[in-house]
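data-v8.cif (mmCIF, C-alpha atoms) appears below.
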```cif
data_my_file
loop_
_atom_site.label_atom_id
_atom_site.label_comp_id
_atom_site.auth_asym_id
_atom_site.auth_seq_id
_atom_site.Cartn_x
_atom_site.Cartn_y
_atom_site.Cartn_z
CA MET A 15 36.96 36.37 -23.73
CA GLU A 16 37.22 36.65 -27.50
CA THR A 17 35.70 39.66 -29.21
CA LEU A 18 32.52 39.27 -31.18
CA GLU A 19 34.50 39.76 -34.42
CA GLN A 20 36.78 36.85 -33.53
CA ILE A 21 33.83 34.62 -32.66
CA LYS A 22 32.12 35.59 -35.91
CA GLY A 23 35.27 34.78 -37.90
CA ARG A 24 35.66 31.39 -36.28
CA ILE A 25 32.02 30.46 -36.84
CA GLU A 26 32.29 31.45 -40.49
CA ALA A 27 35.40 29.31 -40.82
CA ALA A 28 33.75 26.32 -39.16
CA ILE A 29 30.34 26.40 -40.86
CA SER A 30 30.26 26.96 -44.58
CA GLY A 31 27.50 29.12 -45.99
CA VAL A 32 26.55 30.70 -42.66
CA HIS A 33 25.49 34.33 -42.74
CA LEU A 34 26.27 36.37 -39.64
CA ASP A 35 25.86 40.05 -38.84
CA ILE A 36 27.04 42.05 -35.87
CA LEU A 37 24.36 44.37 -34.55
CA ALA A 38 25.83 47.56 -33.08
CA ASN A 39 24.56 48.94 -29.80
CA GLU A 40 24.81 52.67 -29.26
CA SER A 41 23.67 52.59 -25.65
CA PRO A 42 26.14 52.99 -22.73
CA SER A 43 26.31 49.23 -22.23
CA GLY A 44 27.59 48.81 -25.78
CA GLN A 45 26.51 45.19 -25.69
CA ARG A 46 26.60 44.05 -29.30
CA SER A 47 24.94 40.96 -30.62
CA LEU A 48 25.23 38.44 -33.38
CA ILE A 49 22.40 38.02 -35.89
CA VAL A 50 22.31 34.44 -37.10
CA ASP A 51 20.48 33.28 -40.19
CA THR A 52 17.73 30.80 -39.38
CA ALA A 53 18.98 28.07 -41.74
CA HIS A 54 22.25 27.61 -39.87
CA ALA A 55 21.13 28.67 -36.36
CA VAL A 56 21.12 25.17 -34.85
CA ARG A 57 24.63 24.46 -36.11
CA VAL A 58 25.85 27.85 -34.86
CA GLY A 59 24.29 27.06 -31.48
CA GLU A 60 26.06 23.69 -31.36
CA PHE A 61 29.34 25.39 -32.25
CA LEU A 62 28.94 28.00 -29.50
CA ARG A 63 28.18 25.33 -26.92
CA ASN A 64 30.83 22.79 -27.91
CA ASP A 65 33.75 24.98 -28.95
CA PRO A 66 36.49 24.52 -26.29
CA GLN A 67 37.37 28.24 -26.28
CA LEU A 68 33.75 29.33 -25.77
CA ARG A 69 31.84 26.52 -23.99
CA LEU A 70 28.65 28.62 -23.82
CA ASP A 71 26.77 25.95 -21.89
CA TYR A 72 24.04 28.09 -20.34
CA ALA A 73 21.24 30.09 -21.99
CA SER A 74 20.17 32.38 -19.20
CA ASN A 75 17.47 34.31 -20.97
CA VAL A 76 15.44 34.14 -24.14
CA THR A 77 13.23 37.03 -25.06
CA GLY A 78 11.13 38.19 -27.98
CA ILE A 79 10.89 41.51 -29.77
CA ASP A 80 8.25 42.69 -32.18
CA TRP A 81 9.43 44.96 -34.98
CA PRO A 82 6.39 46.21 -36.85
CA GLU A 83 6.60 47.51 -40.40
CA LEU A 84 8.49 50.79 -40.46
CA VAL A 85 8.19 53.56 -43.03
CA THR A 86 10.88 56.24 -42.82
CA LYS A 87 11.36 59.30 -44.95
CA GLU A 88 14.86 60.29 -45.94
CA LYS A 89 16.01 63.37 -47.77
CA VAL A 90 18.27 62.58 -50.68
CA LYS A 91 20.18 65.14 -52.72
CA VAL A 92 19.62 64.69 -56.45
CA LYS A 93 21.37 66.56 -59.24
CA ARG A 94 19.22 67.63 -62.15
CA THR A 95 19.69 69.87 -65.08
CA VAL A 96 16.99 72.47 -65.34
CA GLU A 97 17.17 74.81 -68.33
CA GLY A 98 20.73 73.85 -69.06
CA VAL A 99 21.95 74.54 -65.51
CA GLU A 100 22.84 71.74 -63.14
CA LYS A 101 21.21 72.24 -59.74
CA GLU A 102 20.96 70.22 -56.55
CA PHE A 103 17.50 69.26 -55.35
CA GLU A 104 16.38 67.62 -52.16
CA GLU A 105 13.92 64.81 -52.59
CA ALA A 106 12.08 62.88 -49.91
CA VAL A 107 12.40 59.14 -50.42
CA GLU A 108 10.20 56.73 -48.56
CA LYS A 109 11.95 53.71 -47.13
CA ARG A 110 9.90 50.72 -46.16
CA ARG A 111 11.23 48.03 -43.86
CA GLY A 112 9.07 44.97 -43.52
CA GLY A 113 7.98 43.88 -40.06
CA TYR A 114 9.52 40.87 -38.37
CA LEU A 115 9.77 39.14 -35.02
CA GLU A 116 13.00 38.52 -33.20
CA ALA A 117 14.24 36.12 -30.54
CA VAL A 118 17.23 37.11 -28.41
CA TYR A 119 19.34 34.53 -26.58
CA HIS A 120 21.75 35.47 -23.80
CA LEU A 121 24.42 32.80 -23.56
CA TYR A 122 26.90 32.34 -20.74
CA SER A 123 29.64 29.86 -20.01
CA MET A 124 29.42 28.26 -16.58
CA GLU A 125 32.58 26.29 -17.20
CA ARG A 126 34.74 29.28 -18.17
CA LYS A 127 32.77 31.83 -16.09
CA GLU A 128 32.37 34.08 -19.08
CA GLY A 129 29.65 35.80 -21.01
CA PRO A 130 27.32 36.91 -22.23
CA VAL A 131 27.29 36.31 -25.95
CA ILE A 132 24.05 37.56 -27.39
CA VAL A 133 22.53 35.80 -30.38
CA ARG A 134 19.52 37.02 -32.31
CA MET A 135 17.32 35.36 -34.89
CA ARG A 136 14.75 37.08 -37.07
CA THR A 137 11.66 35.74 -38.78
CA GLU A 138 10.84 36.60 -42.36
CA ASN A 139 7.65 38.45 -41.48
CA ARG A 140 5.08 38.79 -38.70
CA THR A 141 2.26 36.76 -40.22
CA ASP A 142 2.64 33.52 -42.15
CA LYS A 143 6.43 33.11 -42.00
CA ALA A 144 6.95 33.68 -38.28
CA HIS A 145 9.07 30.56 -37.92
CA LEU A 146 12.41 30.14 -36.15
CA PRO A 147 14.42 27.01 -35.39
CA SER A 148 14.16 26.01 -31.75
CA LEU A 149 17.39 26.00 -29.75
CA THR A 150 15.82 23.90 -26.96
CA PRO A 151 17.64 20.74 -28.17
CA ILE A 152 20.91 22.59 -27.47
CA TRP A 153 20.04 24.50 -24.29
CA ARG A 154 17.27 22.84 -22.28
CA SER A 155 16.60 26.09 -20.38
CA CYS A 156 15.11 27.59 -23.54
CA GLU A 157 12.06 25.32 -23.39
CA PHE A 158 9.69 27.43 -21.29
CA GLN A 159 11.06 30.72 -22.54
CA GLU A 160 10.50 29.76 -26.17
CA ARG A 161 7.00 28.69 -25.21
CA GLU A 162 6.50 32.12 -23.67
CA ILE A 163 7.66 33.83 -26.88
CA TYR A 164 5.29 31.61 -28.84
CA ASP A 165 2.49 32.54 -26.45
CA LEU A 166 3.03 36.29 -26.34
CA TYR A 167 4.55 37.06 -29.77
CA GLY A 168 3.40 34.19 -31.97
CA VAL A 169 6.83 32.96 -33.07
CA VAL A 170 6.60 29.29 -34.04
CA PHE A 171 9.73 27.42 -32.97
CA ASP A 172 10.33 24.48 -35.29
CA GLY A 173 11.80 21.51 -33.47
CA HIS A 174 10.53 22.53 -30.05
CA PRO A 175 9.56 19.40 -28.06
CA ASP A 176 6.36 20.83 -26.52
CA LEU A 177 5.19 24.04 -28.14
CA ARG A 178 2.01 25.15 -26.32
CA ARG A 179 0.82 28.37 -24.80
CA ILE A 180 2.23 28.82 -21.32
CA LEU A 181 0.72 31.94 -19.73
CA MET A 182 -2.53 32.43 -21.60
CA TRP A 183 -5.12 29.68 -22.01
CA ASP A 184 -5.18 27.34 -25.01
CA GLY A 185 -8.19 28.90 -26.74
CA PHE A 186 -6.73 32.41 -26.59
CA GLN A 187 -6.35 33.90 -30.07
CA ASP A 188 -4.15 36.99 -29.89
CA TYR A 189 -0.51 37.59 -29.13
CA PRO A 190 -0.60 40.15 -26.31
CA MET A 191 2.97 41.45 -26.49
CA ARG A 192 2.77 42.42 -30.16
CA ARG A 193 2.70 46.15 -30.78
CA ASP A 194 -0.60 45.99 -32.64
CA TYR A 195 -2.42 43.93 -30.00
CA VAL A 196 -5.88 45.28 -29.21
CA GLU A 197 -6.96 44.29 -25.72
CA PRO A 198 -10.61 43.61 -24.87
CA ASP A 199 -12.51 46.74 -23.92
CA ASP A 200 -12.85 46.04 -20.20
CA TYR A 201 -12.00 49.52 -18.96
CA GLU A 202 -13.43 50.45 -15.59
CA TYR A 203 -13.61 53.68 -13.65
CA GLU A 204 -10.23 55.07 -12.68
CA PRO A 205 -10.08 58.05 -10.30
CA THR A 206 -6.99 59.70 -11.78
CA ALA A 207 -6.93 58.56 -15.39
CA HIS A 208 -4.08 60.06 -17.37
CA ASP A 209 -1.95 59.37 -20.45
CA LYS A 210 -2.75 55.97 -21.95
CA VAL A 211 -5.38 55.23 -19.34
CA LEU A 212 -7.19 58.46 -20.20
CA GLU A 213 -7.08 57.45 -23.86
CA LYS A 214 -8.60 54.12 -22.87
CA ALA A 215 -11.28 55.86 -20.82
CA ARG A 216 -12.26 58.08 -23.77
CA LYS A 217 -12.34 55.11 -26.10
CA HIS A 218 -14.51 53.18 -23.66
CA ALA A 219 -16.90 56.13 -23.24
CA ALA A 220 -17.26 56.31 -27.03
CA GLY A 221 -18.44 52.70 -27.07
CA GLY A 222 -15.15 50.90 -27.52
CA LYS A 223 -14.39 52.37 -30.93
CA PRO A 224 -11.13 54.25 -31.57
CA MET B 28 -34.86 40.01 26.71
CA ASP B 29 -34.40 43.48 28.09
CA GLU B 30 -30.72 44.54 28.15
CA GLY B 31 -31.02 46.00 31.69
CA LEU B 32 -32.55 42.80 33.07
CA ARG B 33 -29.89 40.72 31.40
CA SER B 34 -27.09 42.81 32.95
CA GLU B 35 -28.84 42.64 36.35
CA LEU B 36 -29.12 38.86 36.11
CA SER B 37 -25.46 38.49 35.13
CA LYS B 38 -24.53 40.43 38.28
CA GLN B 39 -26.44 37.80 40.22
CA GLY B 40 -24.48 35.04 38.52
CA ILE B 41 -27.14 34.04 36.02
CA PHE B 42 -26.01 33.95 32.42
CA THR B 43 -28.68 34.34 29.77
CA THR B 44 -28.32 34.19 26.02
CA THR B 45 -30.35 33.50 22.92
CA LEU B 46 -30.01 30.53 20.63
CA GLU B 47 -29.07 32.92 17.84
CA ASP B 48 -26.23 34.48 19.85
CA LEU B 49 -24.94 31.11 20.99
CA TYR B 50 -25.07 29.69 17.47
CA ASN B 51 -23.28 32.68 15.98
CA TRP B 52 -20.75 32.77 18.83
CA GLY B 53 -19.81 29.21 18.08
CA ARG B 54 -19.62 29.80 14.36
CA LYS B 55 -17.55 32.95 14.48
CA ASN B 56 -14.92 31.35 16.67
CA SER B 57 -14.35 28.34 14.47
CA VAL B 58 -13.98 29.73 10.97
CA TRP B 59 -11.69 27.42 9.07
CA PRO B 60 -9.97 29.07 6.11
CA LEU B 61 -9.11 27.30 2.89
CA GLN B 62 -5.39 26.69 2.51
CA PHE B 63 -5.03 28.58 -0.70
CA GLY B 64 -2.72 31.37 -1.83
CA LEU B 65 -2.17 33.02 -5.20
CA ALA B 66 0.73 35.44 -4.85
CA CYS B 67 2.80 37.46 -2.39
CA CYS B 68 -0.24 38.24 -0.18
CA ALA B 69 -0.24 34.54 0.68
CA ILE B 70 3.10 35.04 2.43
CA GLU B 71 1.47 37.63 4.70
CA MET B 72 -1.43 35.23 5.23
CA ILE B 73 1.04 32.55 6.30
CA ALA B 74 2.74 35.07 8.62
CA THR B 75 -0.65 35.87 10.15
CA SER B 76 -1.21 32.24 10.98
CA MET B 77 2.21 31.79 12.61
CA ALA B 78 3.19 32.45 16.21
CA ARG B 79 3.91 36.17 16.03
CA TYR B 80 0.44 37.23 14.87
CA ASP B 81 -1.30 33.98 15.77
CA LEU B 82 -4.59 33.73 13.93
CA ALA B 83 -5.33 30.82 16.29
CA ARG B 84 -6.44 33.36 18.90
CA PHE B 85 -9.56 33.80 16.76
CA GLY B 86 -10.15 30.10 16.20
CA ALA B 87 -9.05 30.21 12.58
CA GLU B 88 -5.73 28.39 12.66
CA VAL B 89 -7.05 25.25 10.99
CA PHE B 90 -6.20 25.89 7.35
CA ARG B 91 -7.99 23.15 5.47
CA PRO B 92 -6.41 21.70 2.33
CA SER B 93 -9.83 20.71 0.98
CA PRO B 94 -12.62 23.15 0.09
CA ARG B 95 -15.15 20.61 1.44
CA GLN B 96 -13.97 21.31 4.98
CA ALA B 97 -13.45 25.08 4.73
CA ASP B 98 -15.69 27.98 5.73
CA LEU B 99 -13.62 30.90 4.56
CA MET B 100 -11.78 31.62 1.34
CA ILE B 101 -9.00 34.18 1.69
CA VAL B 102 -8.29 35.28 -1.87
CA ALA B 103 -4.67 36.21 -1.17
CA GLY B 104 -3.06 37.58 -4.31
CA THR B 105 -3.39 38.35 -8.00
CA VAL B 106 -6.21 36.50 -9.72
CA THR B 107 -5.22 36.08 -13.35
CA LYS B 108 -7.90 35.46 -15.91
CA LYS B 109 -6.48 31.98 -16.37
CA MET B 110 -6.88 31.24 -12.64
CA ALA B 111 -10.30 32.85 -12.12
CA PRO B 112 -12.45 29.82 -13.15
CA GLN B 113 -10.52 27.61 -10.74
CA VAL B 114 -11.01 30.09 -7.88
CA VAL B 115 -14.77 30.20 -8.50
CA ARG B 116 -14.87 26.41 -8.75
CA LEU B 117 -13.10 26.06 -5.41
CA TYR B 118 -15.61 28.45 -3.88
CA ASN B 119 -18.49 26.44 -5.33
CA GLN B 120 -17.07 23.31 -3.73
CA MET B 121 -17.17 24.84 -0.24
CA PRO B 122 -20.24 24.02 1.88
CA GLU B 123 -22.52 26.77 3.19
CA PRO B 124 -22.16 28.94 5.23
CA LYS B 125 -19.10 30.27 3.45
CA TYR B 126 -17.34 33.61 3.40
CA VAL B 127 -14.77 35.40 1.25
CA ILE B 128 -12.06 37.85 2.23
CA ALA B 129 -10.44 39.59 -0.75
CA MET B 130 -6.93 40.32 0.45
CA GLY B 131 -4.72 42.92 -1.18
CA ALA B 132 -4.87 45.41 -4.04
CA CYS B 133 -4.88 42.72 -6.76
CA ALA B 134 -7.72 40.67 -5.31
CA ILE B 135 -9.94 43.72 -4.76
CA SER B 136 -9.23 45.67 -7.96
CA GLY B 137 -6.47 44.13 -10.08
CA GLY B 138 -3.96 46.38 -8.33
CA PRO B 139 -0.95 47.43 -10.41
CA PHE B 140 -2.12 45.07 -13.16
CA LYS B 141 -5.56 46.69 -13.51
CA GLN B 142 -4.76 48.11 -16.94
CA GLY B 143 -3.26 44.87 -18.18
CA TYR B 144 -4.81 42.20 -20.34
CA ASN B 145 -4.48 39.08 -18.20
CA VAL B 146 -5.49 40.00 -14.63
CA LEU B 147 -9.02 39.99 -13.27
CA LYS B 148 -10.00 43.46 -12.03
CA GLY B 149 -11.15 42.13 -8.67
CA ILE B 150 -12.50 38.76 -7.58
CA ASP B 151 -15.80 40.49 -6.62
CA ARG B 152 -16.72 40.20 -10.31
CA TYR B 153 -17.48 36.51 -9.72
CA LEU B 154 -17.71 35.97 -5.94
CA PRO B 155 -19.71 37.68 -3.20
CA VAL B 156 -16.86 39.20 -1.17
CA ASP B 157 -17.57 39.84 2.53
CA VAL B 158 -14.50 41.86 3.49
CA HIS B 159 -12.08 43.75 1.22
CA ILE B 160 -8.58 44.57 2.50
CA PRO B 161 -6.48 47.16 0.66
CA GLY B 162 -2.68 47.05 0.77
CA CYS B 163 0.15 45.71 -1.32
CA PRO B 164 0.46 43.40 0.47
CA PRO B 165 -1.67 44.14 3.57
CA ARG B 166 0.15 43.66 6.85
CA PRO B 167 -0.89 40.74 9.07
CA GLU B 168 -2.64 43.24 11.35
CA ALA B 169 -4.84 44.22 8.41
CA LEU B 170 -5.78 40.59 7.83
CA LEU B 171 -6.53 40.19 11.54
CA HIS B 172 -8.71 43.29 11.35
CA ALA B 173 -10.51 41.89 8.33
CA PHE B 174 -11.00 38.65 10.20
CA MET B 175 -12.45 40.45 13.22
CA THR B 176 -14.75 42.40 10.87
CA LEU B 177 -15.93 39.08 9.45
CA GLN B 178 -16.49 37.71 12.95
CA GLN B 179 -18.63 40.75 13.76
CA LYS B 180 -20.54 40.16 10.56
CA ILE B 181 -21.20 36.53 11.51
CA GLN B 182 -22.22 37.57 15.05
CA ASP B 183 -24.78 40.00 13.62
CA GLN B 184 -26.44 37.48 11.30
CA ARG B 185 -30.10 36.69 12.00
CA LEU B 186 -31.45 33.17 11.92
CA ASP B 187 -34.73 34.15 10.29
CA GLY B 188 -36.51 37.12 8.82
CA PRO B 189 -35.79 39.00 5.62
CA LEU B 190 -32.23 39.85 6.70
CA ARG B 191 -31.20 36.24 7.17
CA PRO B 192 -28.00 35.25 5.39
CA ARG B 193 -27.84 33.47 2.06
CA HIS B 194 -27.28 29.99 3.49
CA LEU B 195 -30.53 30.12 5.51
CA ASP B 196 -32.52 31.29 2.52
CA PRO B 197 -33.84 28.29 0.55
CA GLU B 198 -33.69 30.38 -2.60
CA GLY B 199 -30.24 31.76 -1.92
CA ALA B 200 -27.52 30.81 -4.37
CA SER B 201 -24.81 28.44 -3.23
CA GLU B 202 -23.02 27.95 -6.51
CA PHE B 203 -21.83 30.77 -8.67
CA LEU B 204 -21.17 31.03 -12.36
CA VAL B 205 -17.81 29.63 -13.43
CA PRO B 206 -16.45 31.80 -16.28
CA LYS B 207 -15.26 30.15 -19.47
CA PHE B 208 -12.12 30.86 -21.48
CA GLY B 209 -13.12 32.87 -24.53
CA ALA B 210 -11.11 33.81 -27.59
CA ARG B 211 -9.99 37.13 -26.13
CA ASP B 212 -11.39 37.42 -22.59
CA LEU B 213 -13.32 35.47 -19.99
CA GLU B 214 -16.94 34.80 -20.86
CA PRO B 215 -18.81 36.47 -19.32
CA PRO B 216 -16.35 39.14 -18.11
CA SER B 217 -18.28 39.41 -14.85
CA ASN B 218 -21.23 37.77 -13.12
CA PRO B 219 -24.11 40.28 -13.27
CA LYS B 220 -25.82 38.60 -10.29
CA VAL B 221 -22.85 39.43 -8.08
CA TRP B 222 -21.38 42.58 -9.54
CA ARG B 223 -22.28 45.41 -11.87
CA PRO B 224 -19.87 47.90 -13.44
CA PRO B 225 -19.56 51.21 -11.58
CA ALA B 226 -21.51 54.26 -12.68
CA PRO B 227 -20.57 55.89 -16.02
CA ALA B 228 -16.92 56.78 -15.96
CA ARG B 229 -15.72 60.35 -15.90
CA THR B 230 -13.43 60.81 -18.86
CA GLU B 231 -12.22 64.39 -18.40
#
```
Please re-express this file's structure in structure tokens.
Amino acid sequence: METLEQIKGRIEAAISGVHLDILANESPSGQRSLIVDTAHAVRVGEFLRNDPQLRLDYASNVTGIDWPELVTKEKVKVKRTVEGVEKEFEEAVEKRRGGYLEAVYHLYSMERKEGPVIVRMRTENRTDKAHLPSLTPIWRSCEFQEREIYDLYGVVFDGHPDLRRILMWDGFQDYPMRRDYVEPDDYEYEPTAHDKVLEKARKHAAGGKP
Amino acid sequence: MDEGLRSELSKQGIFTTTLEDLYNWGRKNSVWPLQFGLACCAIEMIATSMARYDLARFGAEVFRPSPRQADLMIVAGTVTKKMAPQVVRLYNQMPEPKYVIAMGACAISGGPFKQGYNVLKGIDRYLPVDVHIPGCPPRPEALLHAFMTLQQKIQDQRLDGPLRPRHLDPEGASEFLVPKFGARDLEPPSNPKVWRPPAPARTE
């Protein structure tokens, strides 16, 4: 199978204006993925499915990830002149990365018995612009899995034929798999409460307030 | 009738019984369960009804596909919050006298999903459960044992007096509250007439 760099190069040659990134993976699997911009995602999907050298005709898995807002502190060396002498100082700089939601598609080729190619899409933010283009028109197997992401993460898939909640009921308001989800305080006695359950028990004993 | 006299008479070939015993004997040997499974425990329930374990020995092989014809609800598996109203509604549709066996860790307590957001922490929050079986899933022998426990319970029921069962009490409830889907949880989260939360939790 072609390397991810080759695939990226061919997509960029075929679709003008597309923006692709390769996301490194430091883990032992080393399985890297392709971040596709949302404006061209449907065309990239069509390319991956129809290209005779790829023929990625099967989306085996679609999953969601929640990336909340992240504030990191980095130490930066700054040169300053104090009393006529140039000295190096270390300064802490705050870096703020906005939160976003992500959908990950694992694509395989049944015809060529190859894969996977992993494609990711990211929303602009986690609140009002949590939209992604639906890839269900390209791979029919995405239908229920995109519904599940909509249900549990709140990603709205534009172009999905039947976007409803699938696991929770229709009147449910929250998105349970988001990192900042607060579950209803329905804690009950647990004989050996520890770790997170102990935290829950303490919270419940205090009247449900953190 | 005196127990000694009864045993003496039976030695002489005379069988005596009471209406209550006869009525309960008939009932306990023809308990028809509702054909209804929720998760992996249902596979064990099916195994119990097949030839190897043979629930038919106890007169309970007739799994009814309609709640109108069933006497026993075996809650076999995880009851999610989304499924709970339907389970209670099925129970309400069964005619009295009716019984409930909560089978498996999920049905009695929520099991491994107890700390989750979408699983009911035991069907006894909405239904009056007669027999609880622990296990994940319980073996068919455990279900048979639960069934025999239920039979004993039916055998011991009185036809009148203050200890008479719910279905012989004109004021006894036959229908139970069906929970509604709320914005974040079921409403109400449990039926206070059936179940109350356990004593204040120990947090240390």
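This file, queried with the PyMOL selection byres ((chain A) within 7 of (chain B)), gives the residues Met182, Trp183, Gly185, Phe186, Gln187, Asp188, Glu197, Pro198, Tyr203, Leu212, Ala215 and Arg216 of chain A.
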Export, as a PDB file, keeping the file's coordinate frame, the selected residues with C-alpha atoms.
```
ATOM      1  CA  MET A 182      -2.530  32.430 -21.600  1.00  0.00           C
ATOM      2  CA  TRP A 183      -5.120  29.680 -22.010  1.00  0.00           C
ATOM      3  CA  GLY A 185      -8.190  28.900 -26.740  1.00  0.00           C
ATOM      4  CA  PHE A 186      -6.730  32.410 -26.590  1.00  0.00           C
ATOM      5  CA  GLN A 187      -6.350  33.900 -30.070  1.00  0.00           C
ATOM      6  CA  ASP A 188      -4.150  36.990 -29.890  1.00  0.00           C
ATOM      7  CA  GLU A 197      -6.960  44.290 -25.720  1.00  0.00           C
ATOM      8  CA  PRO A 198     -10.610  43.610 -24.870  1.00  0.00           C
ATOM      9  CA  TYR A 203     -13.610  53.680 -13.650  1.00  0.00           C
ATOM     10  CA  LEU A 212      -7.190  58.460 -20.200  1.00  0.00           C
ATOM     11  CA  ALA A 215     -11.280  55.860 -20.820  1.00  0.00           C
ATOM     12  CA  ARG A 216     -12.260  58.080 -23.770  1.00  0.00           C
TER      13      ARG A 216
END
```
Exercise. What residues come out when you apply the PyMOL selection byres ((chain A and resi 71) around 8) to this file, written as a PyMOL selection string?
Worked result: chain A and resi 63-64+69-70+72-73+121-125+153
For this session: Work out how far apart atom CA of Leu82 of chain B and atom CA of Pro155 of chain B are and give it in Å to one decimal.
Result: 23.2 Å
For this session: Name the residues, using the chain letters and numbers of the file, that sit within 10 Å of (-14.8, 19.2, 2.5) when counting all atoms listed in the file, and give them as JSON, numbers by chain.
Result: {"B": [61, 91, 92, 93, 94, 95, 96, 97, 98, 120, 121, 122]}
Problem set entry | segment 161-167 of chain A environment, 10 Å, only C-alpha atoms, sequence neighbours closer than 5 positions dropped, as a PyMOL selection string | chain A and resi 76-80+115-117+140+144-145+156+174+176-184+186-193+195
Problem set entry | 9 Å contact set for Val32 of chain A, all atoms listed in the file, chain neighbours under 4 positions out, as an NGL selection string | :A and (25-26 or 50-51 or 53-55 or 58)
Around segment 156-169 of chain B, fit a box with edges along x, y and z, padding it by 3 Å on each side, then list its centre and edge lengths in Å to one decimal as lines of an AutoDock Vina configuration file.
```
center_x = -8.6
center_y = 43.2
center_z = 5.0
size_x = 24.0
size_y = 14.0
size_z = 18.7
```
Problem set entry | the PyMOL selection byres ((chain A and resi 104) around 9) resolved against shown file, as a PyMOL selection string | chain A and resi 89-93+102-103+105-106
Hey, what's within 12 Å of Met130 of chain B if we count all atoms listed in the file and toss same-chain stuff fewer than 5 positions away? As a PDB file with C-alpha atoms, keeping the file's coordinate frame, please?
```pdb
ATOM      1  CA  PHE B  63      -5.030  28.580  -0.700  1.00  0.00           C
ATOM      2  CA  GLY B  64      -2.720  31.370  -1.830  1.00  0.00           C
ATOM      3  CA  LEU B  65      -2.170  33.020  -5.200  1.00  0.00           C
ATOM      4  CA  ALA B  66       0.730  35.440  -4.850  1.00  0.00           C
ATOM      5  CA  CYS B  67       2.800  37.460  -2.390  1.00  0.00           C
ATOM      6  CA  CYS B  68      -0.240  38.240  -0.180  1.00  0.00           C
ATOM      7  CA  ALA B  69      -0.240  34.540   0.680  1.00  0.00           C
ATOM      8  CA  ILE B  70       3.100  35.040   2.430  1.00  0.00           C
ATOM      9  CA  GLU B  71       1.470  37.630   4.700  1.00  0.00           C
ATOM     10  CA  MET B  72      -1.430  35.230   5.230  1.00  0.00           C
ATOM     11  CA  MET B 100     -11.780  31.620   1.340  1.00  0.00           C
ATOM     12  CA  ILE B 101      -9.000  34.180   1.690  1.00  0.00           C
ATOM     13  CA  VAL B 102      -8.290  35.280  -1.870  1.00  0.00           C
ATOM     14  CA  ALA B 103      -4.670  36.210  -1.170  1.00  0.00           C
ATOM     15  CA  GLY B 104      -3.060  37.580  -4.310  1.00  0.00           C
ATOM     16  CA  THR B 105      -3.390  38.350  -8.000  1.00  0.00           C
ATOM     17  CA  VAL B 106      -6.210  36.500  -9.720  1.00  0.00           C
ATOM     18  CA  ILE B 135      -9.940  43.720  -4.760  1.00  0.00           C
ATOM     19  CA  SER B 136      -9.230  45.670  -7.960  1.00  0.00           C
ATOM     20  CA  GLY B 137      -6.470  44.130 -10.080  1.00  0.00           C
ATOM     21  CA  GLY B 138      -3.960  46.380  -8.330  1.00  0.00           C
ATOM     22  CA  GLY B 149     -11.150  42.130  -8.670  1.00  0.00           C
ATOM     23  CA  ILE B 150     -12.500  38.760  -7.580  1.00  0.00           C
ATOM     24  CA  ASP B 151     -15.800  40.490  -6.620  1.00  0.00           C
ATOM     25  CA  VAL B 156     -16.860  39.200  -1.170  1.00  0.00           C
ATOM     26  CA  ASP B 157     -17.570  39.840   2.530  1.00  0.00           C
ATOM     27  CA  VAL B 158     -14.500  41.860   3.490  1.00  0.00           C
ATOM     28  CA  HIS B 159     -12.080  43.750   1.220  1.00  0.00           C
ATOM     29  CA  ILE B 160      -8.580  44.570   2.500  1.00  0.00           C
ATOM     30  CA  PRO B 161      -6.480  47.160   0.660  1.00  0.00           C
ATOM     31  CA  GLY B 162      -2.680  47.050   0.770  1.00  0.00           C
ATOM     32  CA  CYS B 163       0.150  45.710  -1.320  1.00  0.00           C
ATOM     33  CA  PRO B 164       0.460  43.400   0.470  1.00  0.00           C
ATOM     34  CA  PRO B 165      -1.670  44.140   3.570  1.00  0.00           C
ATOM     35  CA  ARG B 166       0.150  43.660   6.850  1.00  0.00           C
ATOM     36  CA  PRO B 167      -0.890  40.740   9.070  1.00  0.00           C
ATOM     37  CA  ALA B 169      -4.840  44.220   8.410  1.00  0.00           C
ATOM     38  CA  LEU B 170      -5.780  40.590   7.830  1.00  0.00           C
ATOM     39  CA  LEU B 171      -6.530  40.190  11.540  1.00  0.00           C
ATOM     40  CA  HIS B 172      -8.710  43.290  11.350  1.00  0.00           C
ATOM     41  CA  ALA B 173     -10.510  41.890   8.330  1.00  0.00           C
ATOM     42  CA  PHE B 174     -11.000  38.650  10.200  1.00  0.00           C
TER      43      PHE B 174
END
```
For this session: Between atom CA of Arg193 of chain B and atom CA of Glu123 of chain B, measure the distance and give it in Å to one decimal.
Result: 8.6 Å
Seminar exercise, completed: In Å and to one decimal, atom CA of Ser217 of chain B is distant from atom CA of Phe140 of chain B by 17.2 Å
Exercise. For Val146 of chain B, which of A:Ala220, A:Asp200, A:Val99, A:Val85 is the closest residue, counting only C-alpha atoms?
Worked result: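 Answer, going by the shortest atom-to-atom distance: A:Asp200.
Using all atoms listed in the file for every distance, the candidate list B:Ala129, B:Val221, B:Gln179, B:Ser37 yields B:Val221 as the residue closest to Glu202 of chain B.
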For this session: Determine, counting all atoms listed in the file, every residue of protein, DNA or RNA that lies within 7 Å of (13.3, 31.9, -36.5) in the file coordinates, then give the result as a list in words.
Result: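 With a cut-off of 7 Å, the residues come to Thr52, Met135, Arg136, Thr137, Ala144, His145, Leu146, Pro147 and Phe171 of chain A.
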For this session: Considering only C-alpha atoms, return as a list in words whatever protein or nucleic-acid residues lie within 9 Å of Leu48 of chain A, sequence-local ones (same chain, fewer than 3 positions apart) excluded.
Result: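 The filter keeps Leu18, Lys22, Leu34, Asp35, Ile36, Leu37, Val131, Ile132, Val133, Arg134 and Met135 of chain A.
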